[in-house]
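K.L.:
Here it is, the structure, as structure tokens.
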Amino acid sequence: MNYEERYRQYVADAEAALKRQAYRCLRKDSAVSDAARYSLFGKGKRVRAVLCLAVCEMLNGSPELAECYAAGVEMLHCYSLIHDDLPCMDDDDLRRGRPSCHKAYGEATALLAGDALLTAAFEALSAARGTARQNVQAVQMLSRAAGANGMVWGQEQDLYYEAHAALVGEEQLKAIHRSKTGELIRAAALLGAIAANADGRQCEAVGEYAEAVGMVFQIMDDVLDVTATEQELGKPIGSDAENGKTTFVTLYGAERSRQIAQELTQDACAKLQKTFGGQSLFLCMLADRLLHRSQ
């Protein structure tokens, strides 16, 4: 198996599905839809879509159904990035190497573009060619990950502790990351399992793996915010320090943070291999690449 080729194929399949859903869900004669497409088709890594497709393939599920679910996840993820960049949130001017949506289209249009993508995500899932049970499960999975018990809660806690940094310890930090970043990554993987009609044991193993991967992803974001260049990341660096945020790096330093991420990755892959054996090879390689990523 060639990892790079397989990853590129997953991304190509996800991009094609996204274009189909964007054509169906977004208007042609709309500045808001133009802004949504601008952000949606920036140079993203499509990690969440790849997770969805790779889990589905590991479980011998329907790639066509997983592609629809993956498109929905990426739409929702893109909405969150647009809103995170707004001046009332993280106030970032760059995203994926070019002006953030609100810098390119204005704040009001960017806000509505995020709203449009959030809604389109569930339109994509509910209209997918799965069984009624699968689609309902998919909508429930993604809505919970994105809502008041998931990403929104994580963002709320992030903003609160930004103003109360002295109260943040490891427990609070993990809870923020688990909600703000990890829930959507976990949902993406489990949507792939839903597309494959996975059983409870399989879903539990996939969920544990994805939860660890989500935490590693955020830890490495914290590390890269102080070690990478703006050109590498495609977004401003040092913003965590400027905003007074507590991160894994401020708690443990960059080196220990990397060690924690490595331990999580090794444990996640060991559990996945125990359940799925050699079929989990690509997902384990993906986890390792996320651990050692530079952007």
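Residue numbers start at 1 in each chain; chains themselves are named A, B, ... in the order of the structure tokens; ligands are numbered from 1 in the order shown.
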For Leu65 in chain A, find every residue with an atom within 9 Å (counting only C-alpha atoms), except residues of its own chain fewer than 5 positions away, and show them as JSON, numbers by chain.
P.N.:
{"A": [70, 128, 129, 130, 192, 195, 196]}
K.L.:
Do you know which residues are at most 8 Å from Val249 in chain A counting only C-alpha atoms, after dropping those on the same chain fewer than 6 positions away, and could you put them as a list in words?
P.N.:
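Near neighbours after the sequence-gap exclusion: Asp222, Val223 and Ser257 of chain A.
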K.L.:
For Ala268 in chain A, which residue among A:Tyr252, A:Tyr105, A:Tyr209, A:Phe41 is the nearest when counting only C-alpha atoms?
P.N.:
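For Ala268 in chain A, the nearest of the candidates is A:Tyr209.
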K.L.:
Name the residues in contact with Gln134 in chain A at a cut-off of 9 Å, using only C-alpha atoms, excluding same-chain residues fewer than 5 positions from it; report them as a list in words.
P.N.:
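Selected residues are Val139, Ile194, Ala195 and Asn197 of chain A.
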K.L.:
I'd like the neighbourhood of range 20-36 of chain A as a tab-separated table (two decimals) with all heavy atoms, in the first residue's frame, where a residue qualifies if any of its atoms comes within 6 Å (using only C-alpha atoms), though same-chain residues fewer than 6 positions away should be ignored.
P.N.:
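What follows is the written file around.tsv:
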chain	number	residue	atom	x	y	z
A	109	THR	N	-21.32	39.00	5.60
A	109	THR	CA	-21.38	37.96	4.58
A	109	THR	C	-20.70	36.68	5.07
A	109	THR	O	-21.19	35.57	4.84
A	109	THR	CB	-20.74	38.44	3.27
A	109	THR	OG1	-21.47	39.57	2.78
A	109	THR	CG2	-20.75	37.36	2.21
A	113	ALA	N	-22.24	33.05	5.46
A	113	ALA	CA	-21.63	31.94	4.73
A	113	ALA	C	-21.41	30.75	5.66
A	113	ALA	O	-21.65	29.60	5.29
A	113	ALA	CB	-20.29	32.38	4.12
A	120	ALA	N	-26.14	23.40	5.21
A	120	ALA	CA	-25.91	22.51	4.06
A	120	ALA	C	-25.33	21.16	4.50
A	120	ALA	O	-25.60	20.14	3.86
A	120	ALA	CB	-24.96	23.18	3.07
K.L.:
How far is it from CA of Ala16 in chain A to CA of Met141 in chain A, in Å with one decimal?
P.N.:
23.1 Å
K.L.:
Contacts of range 92-103 of chain A at 7 Å or less, counting only C-alpha atoms, minus same-chain residues fewer than 2 places along, as a list of chain:residue names?
P.N.:
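Close residues of range 92-103 of chain A: A:Ala35, A:Ser39, A:Gly42, A:Lys43, A:Gly44, A:Ile82, A:Asp85, A:Leu86, A:Asp90, A:Tyr105, A:Gly106, A:Glu107, A:Ala110, A:Gly234, A:Lys235, A:Pro236.
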K.L.:
What lies within 7 Å of Val168 in chain A using only C-alpha atoms, ignoring chain neighbours under 5 positions off, as a PyMOL selection string?
P.N.:
chain A and resi 161+173+246
K.L.:
Do a neighbour search on Arg46 in chain A at 10 Å with only C-alpha atoms, toss out local chain neighbours closer than 4 positions, and write the hits as an MDAnalysis selection string.
P.N.:
chainID A and resid 7 10:12 14:15 50:51 70:71 73:74 77
K.L.:
Within range 3-67 of chain A, find each residue whose DSSP state, derived from the backbone, is helix (DSSP H, G or I), and express the selection as a compact mmCIF listing (two decimals) with all heavy atoms, in the first residue's frame.
P.N.:
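Final file, out.txt:
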# COMPACT_ATOMS: atom_id res chain seq x y z
N TYR A 3 0.87 4.89 0.99
CA TYR A 3 0.07 5.78 1.82
C TYR A 3 -0.29 7.08 1.11
O TYR A 3 -1.44 7.52 1.12
CB TYR A 3 0.81 6.09 3.13
CG TYR A 3 0.13 7.14 3.96
CD1 TYR A 3 -0.88 6.80 4.85
CD2 TYR A 3 0.49 8.49 3.85
CE1 TYR A 3 -1.53 7.77 5.60
CE2 TYR A 3 -0.15 9.46 4.59
CZ TYR A 3 -1.16 9.10 5.46
OH TYR A 3 -1.80 10.08 6.20
N GLU A 4 0.71 7.72 0.51
CA GLU A 4 0.49 9.02 -0.12
C GLU A 4 -0.55 8.93 -1.25
O GLU A 4 -1.43 9.79 -1.37
CB GLU A 4 1.80 9.58 -0.66
CG GLU A 4 2.86 9.82 0.39
CD GLU A 4 2.48 10.90 1.40
OE1 GLU A 4 1.53 11.66 1.11
OE2 GLU A 4 3.11 10.96 2.46
N GLU A 5 -0.45 7.90 -2.06
CA GLU A 5 -1.41 7.75 -3.16
C GLU A 5 -2.82 7.52 -2.63
O GLU A 5 -3.79 8.07 -3.16
CB GLU A 5 -0.99 6.59 -4.06
CG GLU A 5 0.23 6.86 -4.92
CD GLU A 5 0.57 5.69 -5.82
OE1 GLU A 5 -0.19 4.69 -5.81
OE2 GLU A 5 1.60 5.77 -6.50
N ARG A 6 -2.90 6.73 -1.61
CA ARG A 6 -4.21 6.44 -1.04
C ARG A 6 -4.82 7.68 -0.41
O ARG A 6 -6.01 7.95 -0.55
CB ARG A 6 -4.08 5.33 0.00
CG ARG A 6 -5.41 4.71 0.41
CD ARG A 6 -5.14 3.39 1.11
NE ARG A 6 -6.32 2.84 1.74
CZ ARG A 6 -6.32 1.73 2.47
NH1 ARG A 6 -5.19 1.07 2.65
NH2 ARG A 6 -7.43 1.30 3.03
N TYR A 7 -4.00 8.46 0.28
CA TYR A 7 -4.49 9.71 0.88
C TYR A 7 -4.99 10.66 -0.21
O TYR A 7 -6.07 11.25 -0.09
CB TYR A 7 -3.40 10.37 1.70
CG TYR A 7 -3.91 11.49 2.59
CD1 TYR A 7 -4.17 11.26 3.94
CD2 TYR A 7 -4.14 12.77 2.09
CE1 TYR A 7 -4.64 12.27 4.77
CE2 TYR A 7 -4.63 13.78 2.89
CZ TYR A 7 -4.88 13.53 4.24
OH TYR A 7 -5.37 14.54 5.04
N ARG A 8 -4.20 10.80 -1.26
CA ARG A 8 -4.59 11.69 -2.36
C ARG A 8 -5.90 11.24 -3.00
O ARG A 8 -6.72 12.07 -3.39
CB ARG A 8 -3.48 11.77 -3.41
CG ARG A 8 -2.30 12.64 -3.01
CD ARG A 8 -1.42 12.97 -4.20
NE ARG A 8 -0.79 11.79 -4.75
CZ ARG A 8 0.41 11.34 -4.38
NH1 ARG A 8 1.09 11.97 -3.44
NH2 ARG A 8 0.92 10.27 -4.94
N GLN A 9 -6.10 9.93 -3.11
CA GLN A 9 -7.34 9.42 -3.69
C GLN A 9 -8.53 9.73 -2.79
O GLN A 9 -9.59 10.13 -3.28
CB GLN A 9 -7.24 7.92 -3.93
CG GLN A 9 -8.44 7.34 -4.66
CD GLN A 9 -8.66 7.99 -6.02
OE1 GLN A 9 -7.77 7.96 -6.88
NE2 GLN A 9 -9.83 8.59 -6.24
N TYR A 10 -8.35 9.56 -1.50
CA TYR A 10 -9.42 9.92 -0.57
C TYR A 10 -9.77 11.41 -0.70
O TYR A 10 -10.95 11.79 -0.72
CB TYR A 10 -9.00 9.64 0.87
CG TYR A 10 -9.05 8.18 1.28
CD1 TYR A 10 -8.03 7.65 2.09
CD2 TYR A 10 -10.09 7.35 0.92
CE1 TYR A 10 -8.06 6.32 2.50
CE2 TYR A 10 -10.13 6.02 1.32
CZ TYR A 10 -9.11 5.51 2.11
OH TYR A 10 -9.15 4.20 2.51
N VAL A 11 -8.74 12.26 -0.77
CA VAL A 11 -8.98 13.70 -0.89
C VAL A 11 -9.70 14.02 -2.20
O VAL A 11 -10.64 14.83 -2.23
CB VAL A 11 -7.65 14.48 -0.80
CG1 VAL A 11 -7.86 15.96 -1.15
CG2 VAL A 11 -7.06 14.36 0.61
N ALA A 12 -9.27 13.37 -3.28
CA ALA A 12 -9.93 13.60 -4.57
C ALA A 12 -11.40 13.19 -4.53
O ALA A 12 -12.27 13.90 -5.05
CB ALA A 12 -9.20 12.84 -5.67
N ASP A 13 -11.68 12.06 -3.89
CA ASP A 13 -13.07 11.61 -3.76
C ASP A 13 -13.88 12.58 -2.91
O ASP A 13 -15.04 12.88 -3.22
CB ASP A 13 -13.11 10.22 -3.14
CG ASP A 13 -12.54 9.14 -4.05
OD1 ASP A 13 -12.43 9.39 -5.26
OD2 ASP A 13 -12.19 8.06 -3.54
N ALA A 14 -13.27 13.09 -1.85
CA ALA A 14 -13.96 14.04 -0.99
C ALA A 14 -14.21 15.36 -1.72
O ALA A 14 -15.29 15.95 -1.59
CB ALA A 14 -13.14 14.29 0.28
N GLU A 15 -13.23 15.82 -2.48
CA GLU A 15 -13.40 17.07 -3.23
C GLU A 15 -14.53 16.94 -4.25
O GLU A 15 -15.33 17.86 -4.43
CB GLU A 15 -12.09 17.43 -3.94
CG GLU A 15 -10.97 17.85 -3.02
CD GLU A 15 -11.14 19.23 -2.43
OE1 GLU A 15 -11.99 19.99 -2.93
OE2 GLU A 15 -10.44 19.54 -1.47
N ALA A 16 -14.59 15.82 -4.92
CA ALA A 16 -15.65 15.60 -5.91
C ALA A 16 -17.02 15.61 -5.23
O ALA A 16 -17.99 16.19 -5.75
CB ALA A 16 -15.43 14.28 -6.65
N ALA A 17 -17.11 14.96 -4.07
CA ALA A 17 -18.37 14.94 -3.34
C ALA A 17 -18.74 16.35 -2.86
O ALA A 17 -19.91 16.74 -2.90
CB ALA A 17 -18.26 13.98 -2.15
N LEU A 18 -17.75 17.11 -2.42
CA LEU A 18 -18.00 18.47 -1.97
C LEU A 18 -18.53 19.34 -3.11
O LEU A 18 -19.43 20.17 -2.92
CB LEU A 18 -16.72 19.08 -1.40
CG LEU A 18 -16.45 18.85 0.08
CD1 LEU A 18 -15.06 19.38 0.44
CD2 LEU A 18 -17.50 19.52 0.94
N LYS A 19 -17.95 19.19 -4.28
CA LYS A 19 -18.41 19.97 -5.43
C LYS A 19 -19.85 19.63 -5.77
O LYS A 19 -20.66 20.51 -6.11
CB LYS A 19 -17.49 19.73 -6.62
CG LYS A 19 -16.12 20.38 -6.46
CD LYS A 19 -15.20 20.09 -7.64
CE LYS A 19 -13.83 20.74 -7.42
NZ LYS A 19 -12.88 20.42 -8.51
N ARG A 20 -20.20 18.34 -5.70
CA ARG A 20 -21.59 17.96 -5.96
C ARG A 20 -22.54 18.57 -4.95
O ARG A 20 -23.60 19.09 -5.31
CB ARG A 20 -21.72 16.43 -5.94
CG ARG A 20 -21.04 15.72 -7.11
CD ARG A 20 -21.46 14.26 -7.20
NE ARG A 20 -21.04 13.47 -6.06
CZ ARG A 20 -19.88 12.83 -5.98
NH1 ARG A 20 -19.01 12.91 -6.98
NH2 ARG A 20 -19.58 12.12 -4.91
N GLN A 21 -22.15 18.53 -3.69
CA GLN A 21 -23.02 19.07 -2.65
C GLN A 21 -23.08 20.60 -2.71
O GLN A 21 -24.14 21.19 -2.48
CB GLN A 21 -22.54 18.62 -1.27
CG GLN A 21 -22.64 17.12 -1.03
CD GLN A 21 -24.06 16.60 -1.17
OE1 GLN A 21 -25.04 17.31 -0.90
NE2 GLN A 21 -24.20 15.36 -1.61
N ALA A 22 -21.97 21.24 -3.02
CA ALA A 22 -21.97 22.70 -3.15
C ALA A 22 -22.86 23.14 -4.30
O ALA A 22 -23.59 24.14 -4.21
CB ALA A 22 -20.55 23.21 -3.35
N TYR A 23 -22.81 22.40 -5.41
CA TYR A 23 -23.67 22.71 -6.56
C TYR A 23 -25.14 22.56 -6.17
O TYR A 23 -25.99 23.36 -6.60
CB TYR A 23 -23.33 21.76 -7.72
CG TYR A 23 -24.19 21.97 -8.95
CD1 TYR A 23 -23.88 22.98 -9.86
CD2 TYR A 23 -25.30 21.17 -9.19
CE1 TYR A 23 -24.67 23.18 -10.99
CE2 TYR A 23 -26.09 21.36 -10.31
CZ TYR A 23 -25.77 22.36 -11.21
OH TYR A 23 -26.55 22.56 -12.32
N ARG A 24 -25.45 21.56 -5.36
CA ARG A 24 -26.84 21.29 -5.00
C ARG A 24 -27.35 22.23 -3.91
O ARG A 24 -28.50 22.64 -3.93
CB ARG A 24 -26.97 19.84 -4.52
CG ARG A 24 -28.39 19.34 -4.35
CD ARG A 24 -28.39 17.84 -4.11
NE ARG A 24 -27.81 17.49 -2.83
CZ ARG A 24 -28.50 17.48 -1.69
NH1 ARG A 24 -29.77 17.80 -1.69
NH2 ARG A 24 -27.91 17.14 -0.58
N CYS A 25 -26.50 22.56 -2.95
CA CYS A 25 -26.96 23.28 -1.75
C CYS A 25 -26.72 24.79 -1.78
O CYS A 25 -27.38 25.51 -1.03
CB CYS A 25 -26.26 22.71 -0.52
SG CYS A 25 -26.58 20.95 -0.20
N ALA A 31 -23.85 36.25 -3.08
CA ALA A 31 -22.55 36.60 -2.51
C ALA A 31 -22.23 35.72 -1.31
O ALA A 31 -21.08 35.35 -1.08
CB ALA A 31 -22.54 38.07 -2.10
N VAL A 32 -23.25 35.38 -0.55
CA VAL A 32 -23.05 34.50 0.61
C VAL A 32 -22.56 33.12 0.15
O VAL A 32 -21.62 32.56 0.73
CB VAL A 32 -24.35 34.36 1.43
CG1 VAL A 32 -24.23 33.23 2.44
CG2 VAL A 32 -24.67 35.67 2.13
N SER A 33 -23.18 32.59 -0.89
CA SER A 33 -22.74 31.29 -1.41
C SER A 33 -21.35 31.37 -2.01
O SER A 33 -20.56 30.43 -1.89
CB SER A 33 -23.75 30.77 -2.45
OG SER A 33 -24.98 30.45 -1.83
N ASP A 34 -21.04 32.51 -2.66
CA ASP A 34 -19.69 32.69 -3.19
C ASP A 34 -18.67 32.66 -2.05
O ASP A 34 -17.60 32.03 -2.17
CB ASP A 34 -19.58 34.02 -3.93
CG ASP A 34 -20.27 34.01 -5.29
OD1 ASP A 34 -20.59 32.91 -5.78
OD2 ASP A 34 -20.51 35.10 -5.83
N ALA A 35 -19.00 33.32 -0.95
CA ALA A 35 -18.09 33.34 0.20
C ALA A 35 -17.95 31.95 0.81
O ALA A 35 -16.86 31.54 1.22
CB ALA A 35 -18.61 34.32 1.26
N ALA A 36 -19.06 31.20 0.84
CA ALA A 36 -19.01 29.83 1.36
C ALA A 36 -18.10 28.96 0.50
O ALA A 36 -17.28 28.19 1.02
CB ALA A 36 -20.41 29.24 1.42
N ARG A 37 -18.23 29.08 -0.83
CA ARG A 37 -17.38 28.30 -1.73
C ARG A 37 -15.92 28.72 -1.61
O ARG A 37 -15.00 27.89 -1.69
CB ARG A 37 -17.88 28.45 -3.17
CG ARG A 37 -19.08 27.58 -3.51
CD ARG A 37 -19.42 27.67 -4.99
NE ARG A 37 -20.04 28.95 -5.30
CZ ARG A 37 -21.36 29.17 -5.36
NH1 ARG A 37 -22.19 28.18 -5.12
NH2 ARG A 37 -21.84 30.35 -5.65
N TYR A 38 -15.68 30.02 -1.43
CA TYR A 38 -14.32 30.53 -1.27
C TYR A 38 -13.61 29.82 -0.12
O TYR A 38 -12.46 29.38 -0.24
CB TYR A 38 -14.39 32.04 -1.01
CG TYR A 38 -13.10 32.69 -0.55
CD1 TYR A 38 -12.13 33.09 -1.47
CD2 TYR A 38 -12.85 32.93 0.81
CE1 TYR A 38 -10.95 33.71 -1.06
CE2 TYR A 38 -11.69 33.53 1.23
CZ TYR A 38 -10.73 33.92 0.30
OH TYR A 38 -9.56 34.52 0.72
N SER A 39 -14.30 29.70 1.00
CA SER A 39 -13.70 29.05 2.16
C SER A 39 -13.69 27.53 2.03
O SER A 39 -12.74 26.87 2.43
CB SER A 39 -14.46 29.45 3.43
OG SER A 39 -14.29 30.82 3.70
N LEU A 40 -14.75 26.98 1.46
CA LEU A 40 -14.88 25.53 1.36
C LEU A 40 -13.80 24.93 0.49
O LEU A 40 -13.30 23.83 0.76
CB LEU A 40 -16.26 25.18 0.82
CG LEU A 40 -16.65 23.70 0.81
CD1 LEU A 40 -16.66 23.13 2.21
CD2 LEU A 40 -18.02 23.53 0.16
N VAL A 47 -8.66 16.24 6.55
CA VAL A 47 -8.38 15.14 7.47
C VAL A 47 -9.68 14.44 7.90
O VAL A 47 -9.75 13.20 7.96
CB VAL A 47 -7.61 15.65 8.71
CG1 VAL A 47 -7.53 14.57 9.79
CG2 VAL A 47 -6.22 16.10 8.30
N ARG A 48 -10.71 15.21 8.19
CA ARG A 48 -11.96 14.63 8.67
C ARG A 48 -12.63 13.80 7.58
O ARG A 48 -13.15 12.71 7.86
CB ARG A 48 -12.87 15.75 9.18
CG ARG A 48 -12.33 16.40 10.45
CD ARG A 48 -12.74 17.85 10.61
NE ARG A 48 -11.99 18.48 11.69
CZ ARG A 48 -10.77 18.99 11.54
NH1 ARG A 48 -10.16 18.95 10.35
NH2 ARG A 48 -10.15 19.54 12.56
N ALA A 49 -12.60 14.29 6.36
CA ALA A 49 -13.17 13.53 5.25
C ALA A 49 -12.38 12.24 5.03
O ALA A 49 -12.97 11.17 4.80
CB ALA A 49 -13.17 14.37 3.98
N VAL A 50 -11.08 12.32 5.10
CA VAL A 50 -10.23 11.13 4.91
C VAL A 50 -10.52 10.10 6.00
O VAL A 50 -10.61 8.90 5.72
CB VAL A 50 -8.74 11.52 4.89
CG1 VAL A 50 -7.85 10.28 4.94
CG2 VAL A 50 -8.43 12.33 3.63
N LEU A 51 -10.68 10.55 7.23
CA LEU A 51 -11.01 9.63 8.31
C LEU A 51 -12.32 8.89 8.02
O LEU A 51 -12.42 7.68 8.20
CB LEU A 51 -11.15 10.40 9.63
CG LEU A 51 -9.91 10.56 10.49
CD1 LEU A 51 -10.19 11.53 11.63
CD2 LEU A 51 -9.42 9.24 11.02
N CYS A 52 -13.32 9.63 7.60
CA CYS A 52 -14.62 9.04 7.29
C CYS A 52 -14.49 7.98 6.19
O CYS A 52 -14.98 6.85 6.33
CB CYS A 52 -15.60 10.14 6.86
SG CYS A 52 -17.25 9.55 6.45
N LEU A 53 -13.80 8.32 5.12
CA LEU A 53 -13.67 7.41 3.99
C LEU A 53 -12.80 6.20 4.34
O LEU A 53 -13.10 5.07 3.93
CB LEU A 53 -13.08 8.15 2.79
CG LEU A 53 -13.93 9.31 2.24
CD1 LEU A 53 -13.20 10.01 1.10
CD2 LEU A 53 -15.29 8.82 1.77
N ALA A 54 -11.74 6.43 5.10
CA ALA A 54 -10.82 5.33 5.43
C ALA A 54 -11.47 4.34 6.39
O ALA A 54 -11.30 3.12 6.25
CB ALA A 54 -9.54 5.89 6.03
N VAL A 55 -12.23 4.83 7.36
CA VAL A 55 -12.93 3.93 8.28
C VAL A 55 -13.96 3.10 7.52
O VAL A 55 -14.08 1.88 7.73
CB VAL A 55 -13.60 4.73 9.42
CG1 VAL A 55 -14.58 3.84 10.20
CG2 VAL A 55 -12.55 5.29 10.37
N CYS A 56 -14.70 3.74 6.64
CA CYS A 56 -15.70 3.03 5.85
C CYS A 56 -15.05 1.93 5.01
O CYS A 56 -15.55 0.80 4.96
CB CYS A 56 -16.46 4.01 4.96
SG CYS A 56 -17.74 3.24 3.96
N GLU A 57 -13.93 2.24 4.37
CA GLU A 57 -13.26 1.24 3.55
C GLU A 57 -12.71 0.11 4.40
O GLU A 57 -12.78 -1.07 4.02
CB GLU A 57 -12.13 1.88 2.74
CG GLU A 57 -11.47 0.90 1.79
CD GLU A 57 -10.49 1.55 0.84
OE1 GLU A 57 -10.04 2.67 1.10
OE2 GLU A 57 -10.17 0.91 -0.19
N MET A 58 -12.16 0.43 5.58
CA MET A 58 -11.65 -0.60 6.47
C MET A 58 -12.76 -1.59 6.84
O MET A 58 -12.51 -2.79 6.99
CB MET A 58 -11.09 0.04 7.74
CG MET A 58 -10.54 -0.96 8.75
SD MET A 58 -9.87 -0.17 10.26
CE MET A 58 -11.39 0.41 11.02
N PRO A 63 -18.65 3.26 -0.27
CA PRO A 63 -17.87 4.49 -0.45
C PRO A 63 -18.75 5.66 -0.88
O PRO A 63 -18.49 6.81 -0.50
CB PRO A 63 -16.85 4.12 -1.54
CG PRO A 63 -17.41 2.92 -2.22
CD PRO A 63 -18.21 2.20 -1.20
N GLU A 64 -19.80 5.40 -1.67
CA GLU A 64 -20.67 6.48 -2.13
C GLU A 64 -21.37 7.15 -0.95
O GLU A 64 -21.48 8.38 -0.88
CB GLU A 64 -21.71 5.95 -3.12
CG GLU A 64 -21.15 5.46 -4.44
CD GLU A 64 -20.56 4.05 -4.35
OE1 GLU A 64 -20.80 3.36 -3.33
OE2 GLU A 64 -19.83 3.65 -5.29
N LEU A 65 -21.84 6.34 0.00
CA LEU A 65 -22.50 6.90 1.17
C LEU A 65 -21.50 7.65 2.05
O LEU A 65 -21.78 8.76 2.52
CB LEU A 65 -23.18 5.78 1.96
CG LEU A 65 -23.95 6.19 3.21
CD1 LEU A 65 -25.01 7.23 2.89
CD2 LEU A 65 -24.58 4.97 3.86
N ALA A 66 -20.35 7.07 2.24
CA ALA A 66 -19.31 7.72 3.07
C ALA A 66 -18.89 9.06 2.46
O ALA A 66 -18.59 10.01 3.19
CB ALA A 66 -18.11 6.80 3.22
N GLU A 67 -18.86 9.15 1.13
CA GLU A 67 -18.49 10.41 0.48
C GLU A 67 -19.49 11.51 0.80
O GLU A 67 -19.11 12.67 1.03
CB GLU A 67 -18.37 10.21 -1.02
CG GLU A 67 -17.11 9.43 -1.43
CD GLU A 67 -17.17 8.93 -2.87
OE1 GLU A 67 -18.06 9.39 -3.62
OE2 GLU A 67 -16.35 8.07 -3.23
K.L.:
Using only C-alpha atoms, pick whichever of A:Glu263, A:Asp199, A:Glu183, A:Glu170 has the shortest atom-to-atom distance to Thr250 in chain A.
P.N.:
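Of A:Glu263, A:Asp199, A:Glu183, A:Glu170, the one nearest Thr250 in chain A is A:Glu170, counting only C-alpha atoms.
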K.L.:
Would you please work out which residue, of A:Leu272, A:Leu112, A:Met285, A:Leu224, is nearest to Arg258 in chain A when using only C-alpha atoms?
P.N.:
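Going through A:Leu272, A:Leu112, A:Met285, A:Leu224 one by one, the smallest distance to Arg258 in chain A is for A:Leu224.
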K.L.:
CA of Ser62 in chain A to CA of Ala193 in chain A: how many Å, to one decimal?
P.N.:
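We find that CA of Ser62 in chain A and CA of Ala193 in chain A lie 10.0 Å from each other.
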K.L.:
I'd like the interatomic distance between CA of Thr119 in chain A and CA of Asp221 in chain A, to a tenth of an Å.
P.N.:
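That distance, rounded to one decimal, is 27.2 Å.
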